[in-house]
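Q: To start, I am sharing the structure in question, which I have written as structure tokens.
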2 protein chains.
Amino acid sequence: MANSETRPAARDKVTRQLRLPQVEPGRLYRQIASLIGERIDRGQFPVGSLLPPERDLAQQLGVSRTSVREALIALEVSGKVSIRVGHGVQILQATPRSDRVGARADPGEADIGPIQLMQARRHVEVKTAELAARNRSKLDLERLRQALAVQARARSVSAPEYRNGDRDFHVAIARAGGNAAFTLIIADLWDYVCKPTFSKFEELLMGPERLQMTAAEHRRIFDAIAAGDGVAARKAMRNHLDAVLHAFSRGLDEN
Amino acid sequence: MANSETRPAARDKVTRQLRLPQVEPGRLYRQIASLIGERIDRGQFPVGSLLPPERDLAQQLGVSRTSVREALIALEVSGKVSIRVGHGVQILQATPRSDRVGARADPGEADIGPIQLMQARRHVEVKTAELAARNRSKLDLERLRQALAVQARARSVSAPEYRNGDRDFHVAIARAGGNAAFTLIIADLWDYVCKPTFSKFEELLMGPERLQMTAAEHRRIFDAIAAGDGVAARKAMRNHLDAVLHAFSRGLDEN
DNA sequence: AACGGCCCAATGGTCCAACCAATTGACTTG
DNA sequence: CAAGTCAATTGGTTGGACCATTGGGCCGTT
């Protein structure tokens, strides 16, 4: 065969036609793998769909089927695709679990609106309040007291004491419920509350009267939890979060 | 050539001579990869040393060099060996650093128990299912379909297709609800589901029948969401998560 | 019309026999 | 002895062949 002609030509084809990122000399299968991987990430091959047959891919890319197979095996090992004989190669995931820690800073993250956030909190925290009332230990109650004490020192809703105390109070409730998964959820949601976007929003829409109101509402929640009254705790928490939501709405209307 | 004789004989050779762990029918390269990987772990191939040439390995194992190459590529992708043309294949590490970055493995993280996690999911996802039924767009439905398609290919609950499809399905539902906060919550919870602790637990306690059951339950959820029936979606989701929880409980009782 | 079994095209899996390309070290040569 | 040359070694790629599994269509039975 025209090997001495076919092969170099084939590689050039891949390199030029498809603009492989950069280096990765030799190791054709790596070029092919990263190429297909990129297309998957870019959505040109939708998750759940089937890749073209190996034979077709080989022809399209101008390489041998063997090289395509090696590339697919690499993708399979890295978890991007699923290969099943007689059927085909299916795309499993576009974003390959990529991300280590920094991952949470996705661009798609910051788009949680304050209203959405409060609605989610309302749904979850009514539950955590109930759980806390049933399962709280003395240590939990002490933590809640401390959080209240911190917040009591705040002189405005923009004071760090206010937000810190608020966060600690709600996280402590989740923690008191005894379910670490809820604790994680609340802690994560509060990461957003503490973000600049949300903070600005909150400071803008919430009047100074919120300071005492929050204190009173928190107090009612605490009492219900301390009394072990799940129903009262639910109700108190719901009232509290609805009040905050109302404060937001009112602020929006006025502006 | 004597293919109709050579191939089966070759496979038997590998299977018998070297006692491949267990399953993994077909996918010869996987058998070879795990075999070599085990030898590396066991120290038979010292870290830093060179593997025998591909051609030798092929002859020793009674398989083709192609299959050996595919196996080596798999090992290279998973980071166990380094392949250099004209030089050889060098062993990089014996213990493959089990799992990516242990990064998130904070002390306080891993303590979410599977039961707790499922209870939290039950509380939140019943809501997201309802929201999804009310707000889902065509794109959302398409995402759900794709997730179902992925999972439909799983041949066991331990297959990557199963978990990936499962995760995508539930995250897609949260996303369809239109509240990004819920999406964040579900995605975060699923990070734990994908952790080794939970995975092992799940594989241990869930029988193979879960495969079809999950598919059927997911289908019911999907239908309800597609129909825009919030009540049915809630119910279907609750049934599904309760079923999983039951599978856990049953597994715990039996063991 | 619905069900069930059979057949076959499609698709991945494996093998082989070459040849190309990079590396390395031995050998030759100045 | 230094530098260049050459050949063996080793991975990289190819095309072609054949096998095993899968899935859907076709057809006969019920």
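If you're wondering about the labels, chains in the structure tokens are A, B, ... by order shown, residues count from 1 in each chain, ligands from 1 in order shown.
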Which chain C residues have any atom within 6 Å of an atom of chain B, and for each, what is the nearest pair of atoms with distance in Å to one decimal, counting only C-alpha atoms (C1' of nucleotides), rows sorted by chain and number, as CSV?

A:
```
residue,atom,partner,partner_atom,distance
C:DC15,C1',B:Ser64,CA,6.0
C:DA22,C1',B:Gly86,CA,5.1
C:DT23,C1',B:Gly86,CA,4.5
```

Q: So which residues touch DT5 of chain D within 10 Å, counting only C-alpha atoms (C1' of nucleotides), skipping near sequence neighbours fewer than 3 positions away, as a PyMOL selection string?

A: chain C and resi 27-29

Q: Give me, as number ranges by chain, the contact residues of chain A against chain B at a cut-off of 8 Å, counting only C-alpha atoms.

A: A: 47-49, 70, 73-74, 77-79, 82, 90-93, 100-101, 109, 111-113, 116-117, 120, 123-124, 179-182, 185, 188-189

Q: Would you save the residues from that selection as a compact mmCIF listing (two decimals), in the first residue's frame, using C-alpha atoms?

A:
```
# COMPACT_ATOMS: atom_id res chain seq x y z
CA VAL A 47 -24.71 13.27 26.03
CA GLY A 48 -26.60 10.05 25.66
CA SER A 49 -26.24 9.86 21.92
CA GLU A 70 -7.23 3.22 20.86
CA ILE A 73 -10.44 3.07 24.76
CA ALA A 74 -8.67 6.05 26.26
CA VAL A 77 -11.00 4.54 30.64
CA SER A 78 -11.37 8.19 31.50
CA GLY A 79 -15.10 7.67 31.81
CA SER A 82 -19.37 3.71 27.14
CA GLN A 90 -22.37 6.25 23.80
CA ILE A 91 -21.43 9.58 25.31
CA LEU A 92 -21.66 9.40 29.08
CA GLN A 93 -20.71 12.82 30.33
CA ARG A 100 -11.17 19.15 41.81
CA VAL A 101 -11.83 21.72 44.36
CA GLU A 109 -22.95 29.04 39.85
CA ASP A 111 -26.68 32.87 38.85
CA ILE A 112 -28.69 31.87 41.86
CA GLY A 113 -31.08 34.71 42.47
CA GLN A 116 -34.68 31.49 44.39
CA LEU A 117 -32.24 31.08 47.21
CA ALA A 120 -34.94 26.86 48.53
CA HIS A 123 -38.25 24.46 51.73
CA VAL A 124 -35.24 22.94 53.42
CA ASN A 179 -28.49 14.85 59.44
CA ALA A 180 -25.14 15.95 58.07
CA ALA A 181 -26.54 16.16 54.55
CA PHE A 182 -28.87 18.97 55.60
CA ILE A 185 -26.98 21.99 52.15
CA ASP A 188 -23.59 25.71 50.93
CA LEU A 189 -26.60 27.92 50.49
```

Q: Tell me, as a PyMOL selection string, which residues lie within 12 Å of DC27 of chain D, counting only C-alpha atoms (C1' of nucleotides); anything in the same chain fewer than 5 positions away does not count.

A: chain C and resi 4-7

Q: Output as a tab-separated table (two decimals) with N, CA and C atoms, in the first residue's frame all residues of segment 88-229 of chain A that backbone DSSP marks as helix (DSSP H, G or I).

A:
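Generated output (states06.tsv):
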```tsv
chain	number	residue	atom	x	y	z
A	101	VAL	N	-11.16	20.86	43.42
A	101	VAL	CA	-11.83	21.72	44.36
A	101	VAL	C	-12.34	23.00	43.77
A	102	GLY	N	-11.48	23.64	43.04
A	102	GLY	CA	-11.86	24.97	42.56
A	102	GLY	C	-13.10	24.92	41.73
A	103	ALA	N	-13.53	23.73	41.47
A	103	ALA	CA	-14.62	23.55	40.54
A	103	ALA	C	-15.86	24.31	40.91
A	104	ARG	N	-16.05	24.48	42.18
A	104	ARG	CA	-17.32	25.09	42.57
A	104	ARG	C	-17.43	26.51	42.06
A	105	ALA	N	-16.34	27.05	41.58
A	105	ALA	CA	-16.40	28.41	41.08
A	105	ALA	C	-16.84	28.45	39.63
A	107	PRO	N	-18.88	29.20	36.33
A	107	PRO	CA	-19.61	30.39	35.96
A	107	PRO	C	-21.11	30.19	36.20
A	108	GLY	N	-21.55	28.98	35.99
A	108	GLY	CA	-22.98	28.71	36.13
A	108	GLY	C	-23.46	28.76	37.56
A	109	GLU	N	-22.58	29.11	38.46
A	109	GLU	CA	-22.95	29.04	39.85
A	109	GLU	C	-23.57	30.32	40.37
A	114	PRO	N	-31.51	35.81	44.57
A	114	PRO	CA	-31.87	35.89	45.98
A	114	PRO	C	-33.24	35.26	46.28
A	115	ILE	N	-34.19	35.52	45.41
A	115	ILE	CA	-35.52	34.97	45.62
A	115	ILE	C	-35.49	33.45	45.56
A	116	GLN	N	-34.81	32.93	44.53
A	116	GLN	CA	-34.68	31.49	44.39
A	116	GLN	C	-34.02	30.90	45.63
A	117	LEU	N	-32.98	31.58	46.05
A	117	LEU	CA	-32.24	31.08	47.21
A	117	LEU	C	-33.14	31.00	48.43
A	118	MET	N	-33.92	32.06	48.63
A	118	MET	CA	-34.79	32.08	49.80
A	118	MET	C	-35.88	31.01	49.70
A	119	GLN	N	-36.35	30.77	48.50
A	119	GLN	CA	-37.37	29.73	48.34
A	119	GLN	C	-36.81	28.35	48.67
A	120	ALA	N	-35.58	28.14	48.23
A	120	ALA	CA	-34.94	26.86	48.53
A	120	ALA	C	-34.71	26.73	50.02
A	121	ARG	N	-34.26	27.83	50.63
A	121	ARG	CA	-34.04	27.81	52.07
A	121	ARG	C	-35.35	27.52	52.80
A	122	ARG	N	-36.38	28.14	52.34
A	122	ARG	CA	-37.68	27.95	52.99
A	122	ARG	C	-38.05	26.47	52.96
A	123	HIS	N	-37.87	25.87	51.84
A	123	HIS	CA	-38.25	24.46	51.73
A	123	HIS	C	-37.42	23.58	52.65
A	124	VAL	N	-36.13	23.83	52.67
A	124	VAL	CA	-35.24	22.94	53.42
A	124	VAL	C	-35.25	23.26	54.91
A	125	GLU	N	-35.24	24.54	55.23
A	125	GLU	CA	-35.03	24.89	56.64
A	125	GLU	C	-36.27	24.66	57.50
A	126	VAL	N	-37.42	24.67	56.89
A	126	VAL	CA	-38.60	24.30	57.66
A	126	VAL	C	-38.43	22.86	58.17
A	127	LYS	N	-37.85	22.06	57.33
A	127	LYS	CA	-37.60	20.68	57.70
A	127	LYS	C	-36.52	20.56	58.77
A	128	THR	N	-35.42	21.30	58.56
A	128	THR	CA	-34.32	21.20	59.53
A	128	THR	C	-34.76	21.71	60.90
A	129	ALA	N	-35.64	22.70	60.91
A	129	ALA	CA	-36.12	23.21	62.19
A	129	ALA	C	-36.89	22.12	62.93
A	130	GLU	N	-37.70	21.40	62.18
A	130	GLU	CA	-38.47	20.32	62.79
A	130	GLU	C	-37.54	19.23	63.33
A	131	LEU	N	-36.58	18.86	62.52
A	131	LEU	CA	-35.63	17.83	62.94
A	131	LEU	C	-34.86	18.30	64.18
A	132	ALA	N	-34.49	19.55	64.17
A	132	ALA	CA	-33.72	20.08	65.30
A	132	ALA	C	-34.54	20.00	66.58
A	133	ALA	N	-35.82	20.31	66.47
A	133	ALA	CA	-36.67	20.26	67.66
A	133	ALA	C	-36.72	18.85	68.23
A	134	ARG	N	-36.62	17.88	67.36
A	134	ARG	CA	-36.72	16.50	67.84
A	134	ARG	C	-35.39	15.93	68.32
A	135	ASN	N	-34.31	16.41	67.74
A	135	ASN	CA	-33.04	15.74	68.00
A	135	ASN	C	-31.99	16.59	68.72
A	138	LYS	N	-27.99	19.25	74.17
A	138	LYS	CA	-27.69	20.45	74.95
A	138	LYS	C	-26.61	21.28	74.28
A	139	LEU	N	-25.66	20.57	73.69
A	139	LEU	CA	-24.59	21.27	73.00
A	139	LEU	C	-25.16	22.08	71.84
A	140	ASP	N	-26.12	21.51	71.15
A	140	ASP	CA	-26.75	22.22	70.04
A	140	ASP	C	-27.42	23.50	70.54
A	141	LEU	N	-28.14	23.37	71.61
A	141	LEU	CA	-28.83	24.55	72.15
A	141	LEU	C	-27.82	25.63	72.55
A	142	GLU	N	-26.69	25.19	73.07
A	142	GLU	CA	-25.66	26.15	73.45
A	142	GLU	C	-25.13	26.89	72.22
A	143	ARG	N	-24.93	26.13	71.17
A	143	ARG	CA	-24.47	26.76	69.93
A	143	ARG	C	-25.48	27.79	69.44
A	144	LEU	N	-26.74	27.43	69.51
A	144	LEU	CA	-27.78	28.36	69.06
A	144	LEU	C	-27.76	29.63	69.92
A	145	ARG	N	-27.60	29.44	71.20
A	145	ARG	CA	-27.55	30.60	72.10
A	145	ARG	C	-26.39	31.52	71.72
A	146	GLN	N	-25.28	30.92	71.46
A	146	GLN	CA	-24.11	31.72	71.10
A	146	GLN	C	-24.34	32.51	69.82
A	147	ALA	N	-24.97	31.83	68.85
A	147	ALA	CA	-25.25	32.52	67.59
A	147	ALA	C	-26.18	33.70	67.83
A	148	LEU	N	-27.17	33.48	68.66
A	148	LEU	CA	-28.10	34.58	68.97
A	148	LEU	C	-27.36	35.71	69.67
A	149	ALA	N	-26.45	35.34	70.56
A	149	ALA	CA	-25.69	36.36	71.28
A	149	ALA	C	-24.85	37.18	70.32
A	150	VAL	N	-24.25	36.52	69.37
A	150	VAL	CA	-23.44	37.25	68.39
A	150	VAL	C	-24.29	38.24	67.63
A	151	GLN	N	-25.40	37.74	67.14
A	151	GLN	CA	-26.24	38.59	66.31
A	151	GLN	C	-26.85	39.74	67.12
A	152	ALA	N	-27.04	39.50	68.40
A	152	ALA	CA	-27.63	40.53	69.25
A	152	ALA	C	-26.74	41.76	69.33
A	160	PRO	N	-21.16	42.87	60.22
A	160	PRO	CA	-20.70	41.47	60.11
A	160	PRO	C	-21.32	40.59	61.19
A	161	GLU	N	-21.58	41.18	62.37
A	161	GLU	CA	-22.18	40.36	63.42
A	161	GLU	C	-23.54	39.82	62.98
A	162	TYR	N	-24.25	40.63	62.24
A	162	TYR	CA	-25.59	40.22	61.83
A	162	TYR	C	-25.52	38.99	60.93
A	163	ARG	N	-24.70	39.10	59.91
A	163	ARG	CA	-24.64	38.01	58.94
A	163	ARG	C	-24.02	36.76	59.55
A	164	ASN	N	-22.96	36.96	60.28
A	164	ASN	CA	-22.30	35.80	60.90
A	164	ASN	C	-23.23	35.08	61.86
A	165	GLY	N	-23.88	35.88	62.68
A	165	GLY	CA	-24.79	35.28	63.64
A	165	GLY	C	-25.93	34.56	62.94
A	166	ASP	N	-26.42	35.21	61.90
A	166	ASP	CA	-27.51	34.62	61.13
A	166	ASP	C	-27.09	33.26	60.58
A	167	ARG	N	-25.95	33.28	59.94
A	167	ARG	CA	-25.46	32.04	59.32
A	167	ARG	C	-25.26	30.96	60.37
A	168	ASP	N	-24.58	31.31	61.44
A	168	ASP	CA	-24.30	30.32	62.47
A	168	ASP	C	-25.59	29.76	63.04
A	169	PHE	N	-26.55	30.62	63.21
A	169	PHE	CA	-27.83	30.18	63.79
A	169	PHE	C	-28.49	29.13	62.90
A	170	HIS	N	-28.56	29.43	61.62
A	170	HIS	CA	-29.26	28.50	60.72
A	170	HIS	C	-28.47	27.22	60.50
A	171	VAL	N	-27.16	27.36	60.42
A	171	VAL	CA	-26.34	26.16	60.25
A	171	VAL	C	-26.42	25.29	61.51
A	172	ALA	N	-26.44	25.95	62.66
A	172	ALA	CA	-26.51	25.21	63.91
A	172	ALA	C	-27.82	24.43	64.01
A	173	ILE	N	-28.88	25.02	63.48
A	173	ILE	CA	-30.17	24.31	63.47
A	173	ILE	C	-30.07	23.06	62.60
A	174	ALA	N	-29.49	23.25	61.42
A	174	ALA	CA	-29.35	22.10	60.52
A	174	ALA	C	-28.52	21.02	61.21
A	175	ARG	N	-27.48	21.47	61.87
A	175	ARG	CA	-26.60	20.53	62.55
A	175	ARG	C	-27.33	19.80	63.68
A	176	ALA	N	-28.15	20.54	64.38
A	176	ALA	CA	-28.88	19.96	65.50
A	176	ALA	C	-29.85	18.88	65.04
A	180	ALA	N	-26.26	15.18	58.60
A	180	ALA	CA	-25.14	15.95	58.07
A	180	ALA	C	-25.40	16.45	56.66
A	181	ALA	N	-26.25	15.74	55.92
A	181	ALA	CA	-26.54	16.16	54.55
A	181	ALA	C	-27.25	17.51	54.56
A	182	PHE	N	-28.18	17.68	55.49
A	182	PHE	CA	-28.87	18.97	55.60
A	182	PHE	C	-27.90	20.07	56.03
A	183	THR	N	-26.99	19.72	56.90
A	183	THR	CA	-25.99	20.70	57.32
A	183	THR	C	-25.19	21.19	56.12
A	184	LEU	N	-24.82	20.23	55.29
A	184	LEU	CA	-24.07	20.58	54.09
A	184	LEU	C	-24.88	21.52	53.21
A	185	ILE	N	-26.13	21.18	53.02
A	185	ILE	CA	-26.98	21.99	52.15
A	185	ILE	C	-27.07	23.43	52.66
A	186	ILE	N	-27.37	23.56	53.92
A	186	ILE	CA	-27.54	24.90	54.48
A	186	ILE	C	-26.23	25.68	54.42
A	187	ALA	N	-25.15	25.02	54.75
A	187	ALA	CA	-23.86	25.70	54.71
A	187	ALA	C	-23.55	26.17	53.29
A	188	ASP	N	-23.84	25.34	52.31
A	188	ASP	CA	-23.59	25.71	50.93
A	188	ASP	C	-24.45	26.90	50.51
A	189	LEU	N	-25.71	26.83	50.88
A	189	LEU	CA	-26.60	27.92	50.49
A	189	LEU	C	-26.14	29.24	51.12
A	190	TRP	N	-25.66	29.14	52.34
A	190	TRP	CA	-25.22	30.37	53.00
A	190	TRP	C	-23.93	30.92	52.41
A	191	ASP	N	-23.19	30.06	51.72
A	191	ASP	CA	-22.03	30.58	51.01
A	191	ASP	C	-22.48	31.61	50.00
A	192	TYR	N	-23.66	31.38	49.45
A	192	TYR	CA	-24.17	32.33	48.48
A	192	TYR	C	-24.71	33.57	49.14
A	193	VAL	N	-25.34	33.37	50.28
A	193	VAL	CA	-25.85	34.52	51.00
A	193	VAL	C	-24.72	35.49	51.30
A	196	PRO	N	-21.04	38.77	47.52
A	196	PRO	CA	-21.31	40.19	47.32
A	196	PRO	C	-22.66	40.46	46.67
A	197	THR	N	-22.96	39.71	45.62
A	197	THR	CA	-24.21	39.94	44.91
A	197	THR	C	-25.39	39.93	45.86
A	198	PHE	N	-25.44	38.88	46.64
A	198	PHE	CA	-26.56	38.72	47.54
A	198	PHE	C	-26.53	39.76	48.65
A	199	SER	N	-25.35	40.01	49.18
A	199	SER	CA	-25.23	40.95	50.29
A	199	SER	C	-25.73	42.33	49.92
A	200	LYS	N	-25.29	42.78	48.77
A	200	LYS	CA	-25.72	44.10	48.31
A	200	LYS	C	-27.24	44.14	48.22
A	201	PHE	N	-27.75	43.14	47.58
A	201	PHE	CA	-29.19	43.03	47.40
A	201	PHE	C	-29.91	43.13	48.74
A	202	GLU	N	-29.40	42.37	49.68
A	202	GLU	CA	-30.05	42.29	50.98
A	202	GLU	C	-30.00	43.64	51.69
A	203	GLU	N	-28.82	44.24	51.69
A	203	GLU	CA	-28.67	45.51	52.39
A	203	GLU	C	-29.57	46.58	51.78
A	204	LEU	N	-29.75	46.47	50.48
A	204	LEU	CA	-30.55	47.46	49.79
A	204	LEU	C	-32.03	47.33	50.13
A	205	LEU	N	-32.49	46.11	50.22
A	205	LEU	CA	-33.93	45.89	50.35
A	205	LEU	C	-34.43	45.77	51.78
A	210	ARG	N	-35.65	45.31	60.32
A	210	ARG	CA	-35.39	43.87	60.24
A	210	ARG	C	-34.53	43.39	61.41
A	211	LEU	N	-33.75	44.27	61.93
A	211	LEU	CA	-32.83	43.89	63.00
A	211	LEU	C	-33.58	43.28	64.18
A	212	GLN	N	-34.54	44.05	64.68
A	212	GLN	CA	-35.29	43.53	65.83
A	212	GLN	C	-36.21	42.39	65.42
A	213	MET	N	-36.75	42.50	64.23
A	213	MET	CA	-37.67	41.45	63.80
A	213	MET	C	-36.95	40.11	63.72
A	214	THR	N	-35.75	40.15	63.12
A	214	THR	CA	-34.99	38.92	63.02
A	214	THR	C	-34.72	38.34	64.40
A	215	ALA	N	-34.34	39.22	65.31
A	215	ALA	CA	-34.04	38.76	66.66
A	215	ALA	C	-35.25	38.07	67.28
A	216	ALA	N	-36.40	38.69	67.11
A	216	ALA	CA	-37.62	38.12	67.69
A	216	ALA	C	-37.97	36.79	67.04
A	217	GLU	N	-37.87	36.74	65.71
A	217	GLU	CA	-38.21	35.51	64.99
A	217	GLU	C	-37.26	34.39	65.35
A	218	HIS	N	-35.98	34.73	65.41
A	218	HIS	CA	-35.00	33.73	65.79
A	218	HIS	C	-35.29	33.20	67.19
A	219	ARG	N	-35.68	34.11	68.03
A	219	ARG	CA	-35.97	33.72	69.41
A	219	ARG	C	-37.12	32.70	69.47
A	220	ARG	N	-38.13	32.97	68.69
A	220	ARG	CA	-39.27	32.05	68.66
A	220	ARG	C	-38.84	30.68	68.16
A	221	ILE	N	-37.99	30.69	67.13
A	221	ILE	CA	-37.51	29.43	66.58
A	221	ILE	C	-36.72	28.68	67.66
A	222	PHE	N	-35.86	29.43	68.32
A	222	PHE	CA	-35.03	28.81	69.35
A	222	PHE	C	-35.90	28.20	70.47
A	223	ASP	N	-36.87	28.95	70.90
A	223	ASP	CA	-37.73	28.45	71.98
A	223	ASP	C	-38.44	27.16	71.57
A	224	ALA	N	-38.93	27.14	70.36
A	224	ALA	CA	-39.64	25.94	69.90
A	224	ALA	C	-38.70	24.74	69.86
A	225	ILE	N	-37.48	24.97	69.37
A	225	ILE	CA	-36.50	23.88	69.29
A	225	ILE	C	-36.13	23.43	70.70
A	226	ALA	N	-35.89	24.40	71.57
A	226	ALA	CA	-35.51	24.07	72.95
A	226	ALA	C	-36.63	23.28	73.63
A	227	ALA	N	-37.88	23.61	73.29
A	227	ALA	CA	-39.02	22.93	73.89
A	227	ALA	C	-39.26	21.57	73.24
```

Q: Please list as a count of residues only every residue within 12 Å of DC3 of chain C, counting only C-alpha atoms (C1' of nucleotides) and excluding residues in the same chain fewer than 5 positions away.

A: 3

Q: Considering only strand (DSSP E) as DSSP defines it on the backbone, what residues of segment 67-172 of chain B qualify? List them as a PDB file with C-alpha atoms, in the first residue's frame.

A:
```
ATOM      1  CA  VAL B  81       2.632   3.565  33.244  1.00  0.00           C
ATOM      2  CA  SER B  82       4.488   5.882  30.940  1.00  0.00           C
ATOM      3  CA  ILE B  83       4.969   4.925  27.319  1.00  0.00           C
ATOM      4  CA  ARG B  84       7.910   6.283  25.366  1.00  0.00           C
ATOM      5  CA  GLY B  88       9.786   1.238  26.470  1.00  0.00           C
ATOM      6  CA  VAL B  89       6.956   1.211  28.961  1.00  0.00           C
ATOM      7  CA  GLN B  90       7.922   2.383  32.419  1.00  0.00           C
ATOM      8  CA  ILE B  91       6.010   1.646  35.600  1.00  0.00           C
TER       9      ILE B  91
END
```

Q: In Å, with one decimal, what is the gap from atom CA of Lys80 of chain A to atom CA of Pro46 of chain A?

A: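 The value is 11.8 Å.
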
Q: Interatomic distance between atom CA of Gly62 of chain B and atom CA of Arg39 of chain B?

A: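 These two atoms are separated by 17.1 Å.
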
Q: Could the residues of chain D within 9 Å of chain A, counting only C-alpha atoms (C1' of nucleotides), be given as a list in words, please?

A: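 Close enough to count are DG12, DT13, DT14, DG15, DA20, DT21, DT22 and DG23 of chain D.
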
Q: For those residues, write N, CA and C atoms (P, O5', C5', C4', C3', O3' and C1' of nucleotides) to a file as a CSV table (one decimal), in the first residue's frame.

A:
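Result file follows (selection23.csv):
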```
chain,number,residue,atom,x,y,z
D,12,DG,P,3.8,4.1,21.6
D,12,DG,O5',3.9,4.1,20.0
D,12,DG,C5',4.4,5.3,19.4
D,12,DG,C4',3.9,5.5,18.0
D,12,DG,C3',2.3,5.4,17.9
D,12,DG,O3',1.9,6.4,17.1
D,12,DG,C1',3.3,3.8,16.4
D,13,DT,P,0.3,6.5,16.8
D,13,DT,O5',0.2,5.8,15.4
D,13,DT,C5',0.9,6.2,14.3
D,13,DT,C4',0.5,5.4,13.1
D,13,DT,C3',-1.0,5.1,12.9
D,13,DT,O3',-1.4,5.8,11.7
D,13,DT,C1',0.3,3.1,12.6
D,14,DT,P,-2.9,5.6,11.2
D,14,DT,O5',-2.8,4.4,10.2
D,14,DT,C5',-1.8,4.4,9.3
D,14,DT,C4',-1.8,3.1,8.5
D,14,DT,C3',-3.3,2.7,8.1
D,14,DT,O3',-3.4,2.7,6.7
D,14,DT,C1',-2.0,0.8,8.9
D,15,DG,P,-4.9,2.9,6.0
D,15,DG,O5',-5.2,1.4,5.5
D,15,DG,C5',-4.2,0.8,4.6
D,15,DG,C4',-4.6,-0.7,4.5
D,15,DG,C3',-6.0,-1.0,4.3
D,15,DG,O3',-6.1,-1.9,3.1
D,15,DG,C1',-5.2,-2.2,6.1
D,20,DA,P,-17.0,-16.8,17.2
D,20,DA,O5',-17.6,-15.5,17.9
D,20,DA,C5',-16.8,-14.8,18.9
D,20,DA,C4',-17.7,-13.8,19.6
D,20,DA,C3',-19.0,-14.3,20.1
D,20,DA,O3',-19.3,-13.8,21.3
D,20,DA,C1',-19.3,-12.5,18.6
D,21,DT,P,-20.7,-14.1,22.0
D,21,DT,O5',-21.5,-12.7,22.0
D,21,DT,C5',-20.8,-11.6,22.4
D,21,DT,C4',-21.7,-10.3,22.0
D,21,DT,C3',-23.1,-10.4,22.4
D,21,DT,O3',-23.4,-9.2,23.2
D,21,DT,C1',-22.9,-9.7,20.1
D,22,DT,P,-24.8,-9.1,23.9
D,22,DT,O5',-25.6,-8.0,23.1
D,22,DT,C5',-24.8,-6.9,22.5
D,22,DT,C4',-25.7,-6.2,21.5
D,22,DT,C3',-27.2,-6.2,21.7
D,22,DT,O3',-27.5,-4.8,21.9
D,22,DT,C1',-26.7,-6.8,19.5
D,23,DG,P,-28.9,-4.4,22.5
D,23,DG,O5',-29.7,-4.0,21.1
D,23,DG,C5',-29.1,-3.4,20.1
D,23,DG,C4',-29.9,-3.4,18.8
D,23,DG,C3',-31.4,-3.3,19.1
D,23,DG,O3',-32.0,-2.4,18.2
D,23,DG,C1',-30.9,-5.2,17.8
```

Q: Could you jot down the atom C1' of DC6 of chain D to atom CA of Glu54 of chain B separation for me, Å, one decimal place?

A: 24.5 Å
